[in-house]
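**Q** The structure that follows is given in the form of structure tokens.
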Amino acid sequence: MDDILLICSSTICCAVFMLLIPLYVLHKKMKTTTRREKSDPASLMVVVGSGGHTREILVLMKSLGSHYTPRHYVVASTDPISLQKVYAHEKTIHGVDEKQYKVHTVPRSREVRQSWISTTFTTIHAFLLSLPLVFKIKPEVILCNGPGTCIPICFAGLLMKWLWIQDTKIVYVESICRVETLSMSAKLLYNFADSLLVQWPELTLKYPKCQYIGRLV
């Protein structure tokens, strides 16, 4: 049974990538629509993780100011703690109501200790639900820092970019706990993210596309 599941999951993944690769090649050859002016507010989608990921991303959000608006937070549907932290953050930092920001929930791509075989199917499920959300909002920037929840969101953003719908910039900030190697999420986005930022200089030696930004926390 495990062999059958492995073959099925591998086939599905190959099919998805075979569909995305031609779009990526075409995108490289053509320009996408850019924002009108750099001074214009930029719509932002923030993928909030759990635990330390939530703390780091909210610390980063404090330094962004109100230029990024509207702000769309994406939280895993099984993470009520991070959900409450987002509301508390917005109330404390910006003191505004939900007219300037919204919170959305999506399924997790992978739960803790979930097998990699079943992760393939839950990731596809999360991607199918994330796709209409991202296409509806059309964020100019997607900001994330490592939780598996970000992969479907980021690839939905990439697909939107490759289809010339919105030139979404993907900014990935690696967690401070990653000192010697990148996380699985970072490795998956290494060749696709517009900016991949790390908090340890050692990582830039092993992964030259990364940018060192120092400690966030």
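Going by the structure tokens order, chains are called A, B, ..., each with residues numbered from 1, while ligands are numbered from 1 in the order shown.
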Could you list, as a list in words, every residue within 8 Å of Phe135 (chain A), counting only C-alpha atoms and ignoring same-chain residues fewer than 6 positions away?
**A**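 My reading of the contact set: Ala156, Gly157 and Met160 of chain A.
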**Q** Got time to write the residues from that selection, C-alpha atoms, as a compact mmCIF listing (two decimals), in the first residue's frame?
**A**
# COMPACT_ATOMS: atom_id res chain seq x y z
CA ALA A 156 -0.16 30.32 -5.83
CA GLY A 157 1.57 33.70 -5.93
CA MET A 160 -0.34 34.35 -10.59
**Q** Give me, as a list in words, all polymer residues having an atom no more than 8 Å from Thr69 (chain A), counting only C-alpha atoms and skipping those fewer than 6 positions away in the same chain.
**A**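 Counting only the stated atoms, we get Pro41, Ala42, Ser43, Leu44, Gln100 and Tyr101 of chain A.
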**Q** Using only C-alpha atoms, find each residue in region 70-174 of chain A having at least one atom no more than 8 Å away from region 181-188 of chain A; report its shortest atom-to-atom pair and that distance in Å (one decimal), rows by chain then rising number, as a Markdown table.
**A**
| residue | atom | partner | partner_atom | distance |
| --- | --- | --- | --- | --- |
| A:Gly146 | CA | A:Ser185 | CA | 5.8 |
| A:Pro147 | CA | A:Ser185 | CA | 7.1 |
| A:Gly148 | CA | A:Ser185 | CA | 6.4 |
| A:Cys150 | CA | A:Ser185 | CA | 7.8 |
| A:Ile151 | CA | A:Ser185 | CA | 6.6 |
| A:Tyr172 | CA | A:Ala186 | CA | 7.3 |
| A:Glu174 | CA | A:Ala186 | CA | 6.9 |
**Q** Could you please write out, as a ChimeraX atom specification, every residue of region 110-190 of chain A that DSSP assigns to helix (DSSP H, G or I)?
**A** /A:116-137,150-162,184-189
**Q** Quick one: everything within 9 Å of Leu158 (chain A), counting only C-alpha atoms, minus sequence neighbours fewer than 6 positions away in the same chain. Send it as number ranges by chain.
**A** A: 24, 167-170, 192-193
**Q** Now that the selection is made, can you save its residues with N, CA, C and O atoms as a compact mmCIF listing (two decimals), in the first residue's frame?
**A**
# COMPACT_ATOMS: atom_id res chain seq x y z
N TYR A 24 6.72 29.10 -16.05
CA TYR A 24 7.91 29.77 -15.52
C TYR A 24 8.83 30.22 -16.65
O TYR A 24 9.36 31.33 -16.64
N ASP A 167 2.36 41.01 -10.54
CA ASP A 167 3.80 40.80 -10.31
C ASP A 167 4.08 40.74 -8.81
O ASP A 167 4.65 41.66 -8.23
N THR A 168 3.64 39.67 -8.20
CA THR A 168 3.79 39.50 -6.76
C THR A 168 5.24 39.19 -6.38
O THR A 168 5.87 38.32 -6.97
N LYS A 169 5.75 39.93 -5.40
CA LYS A 169 7.10 39.70 -4.89
C LYS A 169 7.02 38.78 -3.67
O LYS A 169 6.23 39.02 -2.75
N ILE A 170 7.83 37.74 -3.68
CA ILE A 170 7.85 36.79 -2.57
C ILE A 170 9.10 37.03 -1.74
O ILE A 170 10.22 36.92 -2.24
N PHE A 192 12.93 30.44 -6.42
CA PHE A 192 11.72 31.12 -6.86
C PHE A 192 11.45 32.43 -6.11
O PHE A 192 10.84 33.34 -6.68
N ALA A 193 11.86 32.51 -4.85
CA ALA A 193 11.59 33.72 -4.05
C ALA A 193 12.37 34.90 -4.61
O ALA A 193 13.51 34.76 -5.06
**Q** Pick out the closest residue to His53 (chain A) from this set: A:Tyr207, A:Pro132, A:Glu90, A:Ser82. Count only C-alpha atoms.
**A**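 Using only C-alpha atoms, the shortest distance to His53 (chain A) belongs to A:Ser82.
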**Q** Just how far from CA of Phe155 (chain A) is CA of Ile57 (chain A), in Å to one decimal?
**A** 19.4 Å
**Q** Find, counting only C-alpha atoms, the residue in A:Asp79, A:Glu56, A:Glu140, A:Glu180 that gets nearest to Lys206 (chain A).
**A**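 Checking each candidate against Lys206 (chain A), we get A:Glu180 as the closest.
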**Q** To one decimal place in Å, what is the distance between CA of Leu143 (chain A) and CA of Leu58 (chain A)?
**A** 10.9 Å
**Q** Report as a PDB file with all heavy atoms, in the first residue's frame: the residues of region 51-178 of chain A with a DSSP assignment of strand (DSSP E), based on the backbone of this structure.
**A**
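Saved the output as out_21.pdb:
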ATOM      1  N   ARG A  71      -3.375  44.829   4.722  1.00  0.00           N
ATOM      2  CA  ARG A  71      -2.563  43.705   5.179  1.00  0.00           C
ATOM      3  C   ARG A  71      -3.460  42.478   5.321  1.00  0.00           C
ATOM      4  O   ARG A  71      -4.475  42.527   6.011  1.00  0.00           O
ATOM      5  CB  ARG A  71      -1.897  44.037   6.513  1.00  0.00           C
ATOM      6  CG  ARG A  71      -0.938  45.206   6.426  1.00  0.00           C
ATOM      7  CD  ARG A  71      -0.366  45.589   7.782  1.00  0.00           C
ATOM      8  NE  ARG A  71      -1.387  46.100   8.686  1.00  0.00           N
ATOM      9  CZ  ARG A  71      -1.852  47.350   8.660  1.00  0.00           C
ATOM     10  NH1 ARG A  71      -1.418  48.205   7.754  1.00  0.00           N
ATOM     11  NH2 ARG A  71      -2.772  47.738   9.532  1.00  0.00           N
ATOM     12  N   HIS A  72      -3.057  41.394   4.707  1.00  0.00           N
ATOM     13  CA  HIS A  72      -3.818  40.147   4.761  1.00  0.00           C
ATOM     14  C   HIS A  72      -2.966  39.075   5.469  1.00  0.00           C
ATOM     15  O   HIS A  72      -1.916  38.682   4.963  1.00  0.00           O
ATOM     16  CB  HIS A  72      -4.185  39.675   3.355  1.00  0.00           C
ATOM     17  CG  HIS A  72      -5.134  40.585   2.648  1.00  0.00           C
ATOM     18  ND1 HIS A  72      -6.504  40.451   2.738  1.00  0.00           N
ATOM     19  CD2 HIS A  72      -4.916  41.662   1.855  1.00  0.00           C
ATOM     20  CE1 HIS A  72      -7.087  41.397   2.016  1.00  0.00           C
ATOM     21  NE2 HIS A  72      -6.145  42.145   1.474  1.00  0.00           N
ATOM     22  N   TYR A  73      -3.415  38.656   6.618  1.00  0.00           N
ATOM     23  CA  TYR A  73      -2.715  37.621   7.374  1.00  0.00           C
ATOM     24  C   TYR A  73      -3.323  36.262   7.051  1.00  0.00           C
ATOM     25  O   TYR A  73      -4.547  36.112   7.017  1.00  0.00           O
ATOM     26  CB  TYR A  73      -2.831  37.874   8.875  1.00  0.00           C
ATOM     27  CG  TYR A  73      -2.132  39.127   9.356  1.00  0.00           C
ATOM     28  CD1 TYR A  73      -2.807  40.352   9.374  1.00  0.00           C
ATOM     29  CD2 TYR A  73      -0.813  39.097   9.792  1.00  0.00           C
ATOM     30  CE1 TYR A  73      -2.188  41.507   9.820  1.00  0.00           C
ATOM     31  CE2 TYR A  73      -0.178  40.252  10.241  1.00  0.00           C
ATOM     32  CZ  TYR A  73      -0.870  41.455  10.249  1.00  0.00           C
ATOM     33  OH  TYR A  73      -0.246  42.598  10.682  1.00  0.00           O
ATOM     34  N   VAL A  74      -2.468  35.279   6.821  1.00  0.00           N
ATOM     35  CA  VAL A  74      -2.926  33.913   6.567  1.00  0.00           C
ATOM     36  C   VAL A  74      -2.441  33.034   7.703  1.00  0.00           C
ATOM     37  O   VAL A  74      -1.246  32.929   7.965  1.00  0.00           O
ATOM     38  CB  VAL A  74      -2.377  33.377   5.227  1.00  0.00           C
ATOM     39  CG1 VAL A  74      -2.860  31.948   5.004  1.00  0.00           C
ATOM     40  CG2 VAL A  74      -2.819  34.282   4.079  1.00  0.00           C
ATOM     41  N   VAL A  75      -3.391  32.420   8.391  1.00  0.00           N
ATOM     42  CA  VAL A  75      -3.091  31.600   9.564  1.00  0.00           C
ATOM     43  C   VAL A  75      -3.653  30.204   9.356  1.00  0.00           C
ATOM     44  O   VAL A  75      -4.724  30.034   8.754  1.00  0.00           O
ATOM     45  CB  VAL A  75      -3.708  32.224  10.841  1.00  0.00           C
ATOM     46  CG1 VAL A  75      -3.341  31.423  12.078  1.00  0.00           C
ATOM     47  CG2 VAL A  75      -3.269  33.676  10.993  1.00  0.00           C
ATOM     48  N   ALA A  76      -2.943  29.196   9.836  1.00  0.00           N
ATOM     49  CA  ALA A  76      -3.427  27.822   9.745  1.00  0.00           C
ATOM     50  C   ALA A  76      -4.727  27.682  10.529  1.00  0.00           C
ATOM     51  O   ALA A  76      -4.873  28.239  11.627  1.00  0.00           O
ATOM     52  CB  ALA A  76      -2.387  26.849  10.273  1.00  0.00           C
ATOM     53  N   TYR A 101      -6.974  45.673   7.634  1.00  0.00           N
ATOM     54  CA  TYR A 101      -6.360  44.342   7.570  1.00  0.00           C
ATOM     55  C   TYR A 101      -7.439  43.273   7.694  1.00  0.00           C
ATOM     56  O   TYR A 101      -8.539  43.521   8.185  1.00  0.00           O
ATOM     57  CB  TYR A 101      -5.320  44.177   8.685  1.00  0.00           C
ATOM     58  CG  TYR A 101      -5.908  43.905  10.053  1.00  0.00           C
ATOM     59  CD1 TYR A 101      -5.998  42.605  10.547  1.00  0.00           C
ATOM     60  CD2 TYR A 101      -6.378  44.946  10.853  1.00  0.00           C
ATOM     61  CE1 TYR A 101      -6.527  42.349  11.803  1.00  0.00           C
ATOM     62  CE2 TYR A 101      -6.913  44.696  12.102  1.00  0.00           C
ATOM     63  CZ  TYR A 101      -6.982  43.396  12.575  1.00  0.00           C
ATOM     64  OH  TYR A 101      -7.518  43.140  13.813  1.00  0.00           O
ATOM     65  N   LYS A 102      -7.109  42.096   7.212  1.00  0.00           N
ATOM     66  CA  LYS A 102      -8.004  40.951   7.318  1.00  0.00           C
ATOM     67  C   LYS A 102      -7.194  39.713   7.665  1.00  0.00           C
ATOM     68  O   LYS A 102      -6.015  39.620   7.329  1.00  0.00           O
ATOM     69  CB  LYS A 102      -8.774  40.732   6.012  1.00  0.00           C
ATOM     70  CG  LYS A 102      -9.818  41.806   5.714  1.00  0.00           C
ATOM     71  CD  LYS A 102     -10.628  41.444   4.466  1.00  0.00           C
ATOM     72  CE  LYS A 102     -11.704  42.493   4.205  1.00  0.00           C
ATOM     73  NZ  LYS A 102     -12.519  42.162   3.005  1.00  0.00           N
ATOM     74  N   VAL A 103      -7.848  38.777   8.296  1.00  0.00           N
ATOM     75  CA  VAL A 103      -7.204  37.521   8.661  1.00  0.00           C
ATOM     76  C   VAL A 103      -7.934  36.380   7.960  1.00  0.00           C
ATOM     77  O   VAL A 103      -9.159  36.294   8.012  1.00  0.00           O
ATOM     78  CB  VAL A 103      -7.209  37.296  10.188  1.00  0.00           C
ATOM     79  CG1 VAL A 103      -6.487  35.984  10.529  1.00  0.00           C
ATOM     80  CG2 VAL A 103      -6.560  38.474  10.904  1.00  0.00           C
ATOM     81  N   HIS A 104      -7.180  35.525   7.312  1.00  0.00           N
ATOM     82  CA  HIS A 104      -7.744  34.396   6.579  1.00  0.00           C
ATOM     83  C   HIS A 104      -7.144  33.105   7.144  1.00  0.00           C
ATOM     84  O   HIS A 104      -5.994  33.076   7.584  1.00  0.00           O
ATOM     85  CB  HIS A 104      -7.416  34.492   5.091  1.00  0.00           C
ATOM     86  CG  HIS A 104      -7.677  35.839   4.498  1.00  0.00           C
ATOM     87  ND1 HIS A 104      -8.895  36.191   3.937  1.00  0.00           N
ATOM     88  CD2 HIS A 104      -6.882  36.946   4.394  1.00  0.00           C
ATOM     89  CE1 HIS A 104      -8.827  37.438   3.505  1.00  0.00           C
ATOM     90  NE2 HIS A 104      -7.618  37.922   3.768  1.00  0.00           N
ATOM     91  N   THR A 105      -7.918  32.042   7.125  1.00  0.00           N
ATOM     92  CA  THR A 105      -7.418  30.742   7.582  1.00  0.00           C
ATOM     93  C   THR A 105      -7.401  29.755   6.423  1.00  0.00           C
ATOM     94  O   THR A 105      -8.294  29.763   5.572  1.00  0.00           O
ATOM     95  CB  THR A 105      -8.285  30.176   8.722  1.00  0.00           C
ATOM     96  OG1 THR A 105      -9.643  30.045   8.272  1.00  0.00           O
ATOM     97  CG2 THR A 105      -8.238  31.086   9.941  1.00  0.00           C
ATOM     98  N   VAL A 106      -6.366  28.930   6.402  1.00  0.00           N
ATOM     99  CA  VAL A 106      -6.220  27.883   5.384  1.00  0.00           C
ATOM    100  C   VAL A 106      -5.753  26.602   6.079  1.00  0.00           C
ATOM    101  O   VAL A 106      -5.206  26.666   7.179  1.00  0.00           O
ATOM    102  CB  VAL A 106      -5.189  28.278   4.298  1.00  0.00           C
ATOM    103  CG1 VAL A 106      -5.669  29.482   3.502  1.00  0.00           C
ATOM    104  CG2 VAL A 106      -3.829  28.539   4.916  1.00  0.00           C
ATOM    105  N   VAL A 141       2.969  41.828  -2.368  1.00  0.00           N
ATOM    106  CA  VAL A 141       4.076  41.204  -1.634  1.00  0.00           C
ATOM    107  C   VAL A 141       3.534  40.066  -0.786  1.00  0.00           C
ATOM    108  O   VAL A 141       2.501  40.215  -0.127  1.00  0.00           O
ATOM    109  CB  VAL A 141       4.793  42.220  -0.714  1.00  0.00           C
ATOM    110  CG1 VAL A 141       5.943  41.537   0.025  1.00  0.00           C
ATOM    111  CG2 VAL A 141       5.306  43.416  -1.503  1.00  0.00           C
ATOM    112  N   ILE A 142       4.223  38.934  -0.826  1.00  0.00           N
ATOM    113  CA  ILE A 142       3.933  37.819   0.082  1.00  0.00           C
ATOM    114  C   ILE A 142       5.128  37.682   1.009  1.00  0.00           C
ATOM    115  O   ILE A 142       6.261  37.515   0.558  1.00  0.00           O
ATOM    116  CB  ILE A 142       3.696  36.499  -0.674  1.00  0.00           C
ATOM    117  CG1 ILE A 142       2.410  36.585  -1.509  1.00  0.00           C
ATOM    118  CG2 ILE A 142       3.596  35.326   0.318  1.00  0.00           C
ATOM    119  CD1 ILE A 142       2.141  35.337  -2.343  1.00  0.00           C
ATOM    120  N   LEU A 143       4.885  37.771   2.306  1.00  0.00           N
ATOM    121  CA  LEU A 143       5.946  37.695   3.309  1.00  0.00           C
ATOM    122  C   LEU A 143       5.735  36.448   4.164  1.00  0.00           C
ATOM    123  O   LEU A 143       4.652  36.226   4.698  1.00  0.00           O
ATOM    124  CB  LEU A 143       5.915  38.949   4.189  1.00  0.00           C
ATOM    125  CG  LEU A 143       6.904  39.006   5.353  1.00  0.00           C
ATOM    126  CD1 LEU A 143       8.340  39.037   4.842  1.00  0.00           C
ATOM    127  CD2 LEU A 143       6.618  40.235   6.228  1.00  0.00           C
ATOM    128  N   CYS A 144       6.771  35.639   4.296  1.00  0.00           N
ATOM    129  CA  CYS A 144       6.654  34.418   5.104  1.00  0.00           C
ATOM    130  C   CYS A 144       8.004  34.097   5.741  1.00  0.00           C
ATOM    131  O   CYS A 144       9.041  34.625   5.343  1.00  0.00           O
ATOM    132  CB  CYS A 144       6.161  33.244   4.259  1.00  0.00           C
ATOM    133  SG  CYS A 144       7.145  32.923   2.779  1.00  0.00           S
ATOM    134  N   LYS A 169       5.752  39.934  -5.396  1.00  0.00           N
ATOM    135  CA  LYS A 169       7.097  39.697  -4.894  1.00  0.00           C
ATOM    136  C   LYS A 169       7.020  38.777  -3.675  1.00  0.00           C
ATOM    137  O   LYS A 169       6.233  39.020  -2.755  1.00  0.00           O
ATOM    138  CB  LYS A 169       7.771  41.016  -4.490  1.00  0.00           C
ATOM    139  CG  LYS A 169       7.840  42.047  -5.609  1.00  0.00           C
ATOM    140  CD  LYS A 169       8.638  41.528  -6.796  1.00  0.00           C
ATOM    141  CE  LYS A 169       8.745  42.600  -7.884  1.00  0.00           C
ATOM    142  NZ  LYS A 169       9.445  42.098  -9.091  1.00  0.00           N
ATOM    143  N   ILE A 170       7.825  37.738  -3.682  1.00  0.00           N
ATOM    144  CA  ILE A 170       7.845  36.793  -2.570  1.00  0.00           C
ATOM    145  C   ILE A 170       9.102  37.025  -1.741  1.00  0.00           C
ATOM    146  O   ILE A 170      10.220  36.921  -2.240  1.00  0.00           O
ATOM    147  CB  ILE A 170       7.800  35.336  -3.074  1.00  0.00           C
ATOM    148  CG1 ILE A 170       6.469  35.092  -3.796  1.00  0.00           C
ATOM    149  CG2 ILE A 170       7.971  34.355  -1.920  1.00  0.00           C
ATOM    150  CD1 ILE A 170       6.348  33.729  -4.412  1.00  0.00           C
ATOM    151  N   VAL A 171       8.892  37.368  -0.479  1.00  0.00           N
ATOM    152  CA  VAL A 171      10.000  37.623   0.442  1.00  0.00           C
ATOM    153  C   VAL A 171       9.967  36.563   1.535  1.00  0.00           C
ATOM    154  O   VAL A 171       8.999  36.478   2.298  1.00  0.00           O
ATOM    155  CB  VAL A 171       9.894  39.024   1.069  1.00  0.00           C
ATOM    156  CG1 VAL A 171      11.056  39.270   2.031  1.00  0.00           C
ATOM    157  CG2 VAL A 171       9.866  40.098  -0.020  1.00  0.00           C
ATOM    158  N   TYR A 172      11.015  35.767   1.587  1.00  0.00           N
ATOM    159  CA  TYR A 172      11.094  34.674   2.567  1.00  0.00           C
ATOM    160  C   TYR A 172      12.178  35.011   3.578  1.00  0.00           C
ATOM    161  O   TYR A 172      13.327  35.278   3.211  1.00  0.00           O
ATOM    162  CB  TYR A 172      11.411  33.355   1.861  1.00  0.00           C
ATOM    163  CG  TYR A 172      11.408  32.159   2.781  1.00  0.00           C
ATOM    164  CD1 TYR A 172      10.303  31.321   2.860  1.00  0.00           C
ATOM    165  CD2 TYR A 172      12.508  31.870   3.593  1.00  0.00           C
ATOM    166  CE1 TYR A 172      10.296  30.225   3.712  1.00  0.00           C
ATOM    167  CE2 TYR A 172      12.507  30.787   4.443  1.00  0.00           C
ATOM    168  CZ  TYR A 172      11.396  29.968   4.497  1.00  0.00           C
ATOM    169  OH  TYR A 172      11.394  28.893   5.353  1.00  0.00           O
ATOM    170  N   VAL A 173      11.825  35.002   4.860  1.00  0.00           N
ATOM    171  CA  VAL A 173      12.776  35.269   5.935  1.00  0.00           C
ATOM    172  C   VAL A 173      12.977  33.976   6.720  1.00  0.00           C
ATOM    173  O   VAL A 173      12.051  33.494   7.375  1.00  0.00           O
ATOM    174  CB  VAL A 173      12.270  36.389   6.868  1.00  0.00           C
ATOM    175  CG1 VAL A 173      13.313  36.693   7.936  1.00  0.00           C
ATOM    176  CG2 VAL A 173      11.949  37.643   6.061  1.00  0.00           C
TER     177      VAL A 173
END
**Q** One number please: CA of Val59 (chain A) to CA of His89 (chain A), in Å, one decimal.
**A** 9.3 Å
**Q** Nearest to Gln84 (chain A): which of A:Ile137, A:Ser50, A:Lys62, A:Lys99 is it, counting only C-alpha atoms?
**A**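 Once distances to Gln84 (chain A) are computed over only C-alpha atoms, the minimum belongs to A:Ser50.
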**Q** Using only C-alpha atoms, pick whichever of A:Thr54, A:Ser130, A:Gln211, A:Asn145 has the shortest atom-to-atom distance to Leu159 (chain A).
**A**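 Result for the nearest residue to Leu159 (chain A): A:Ser130.
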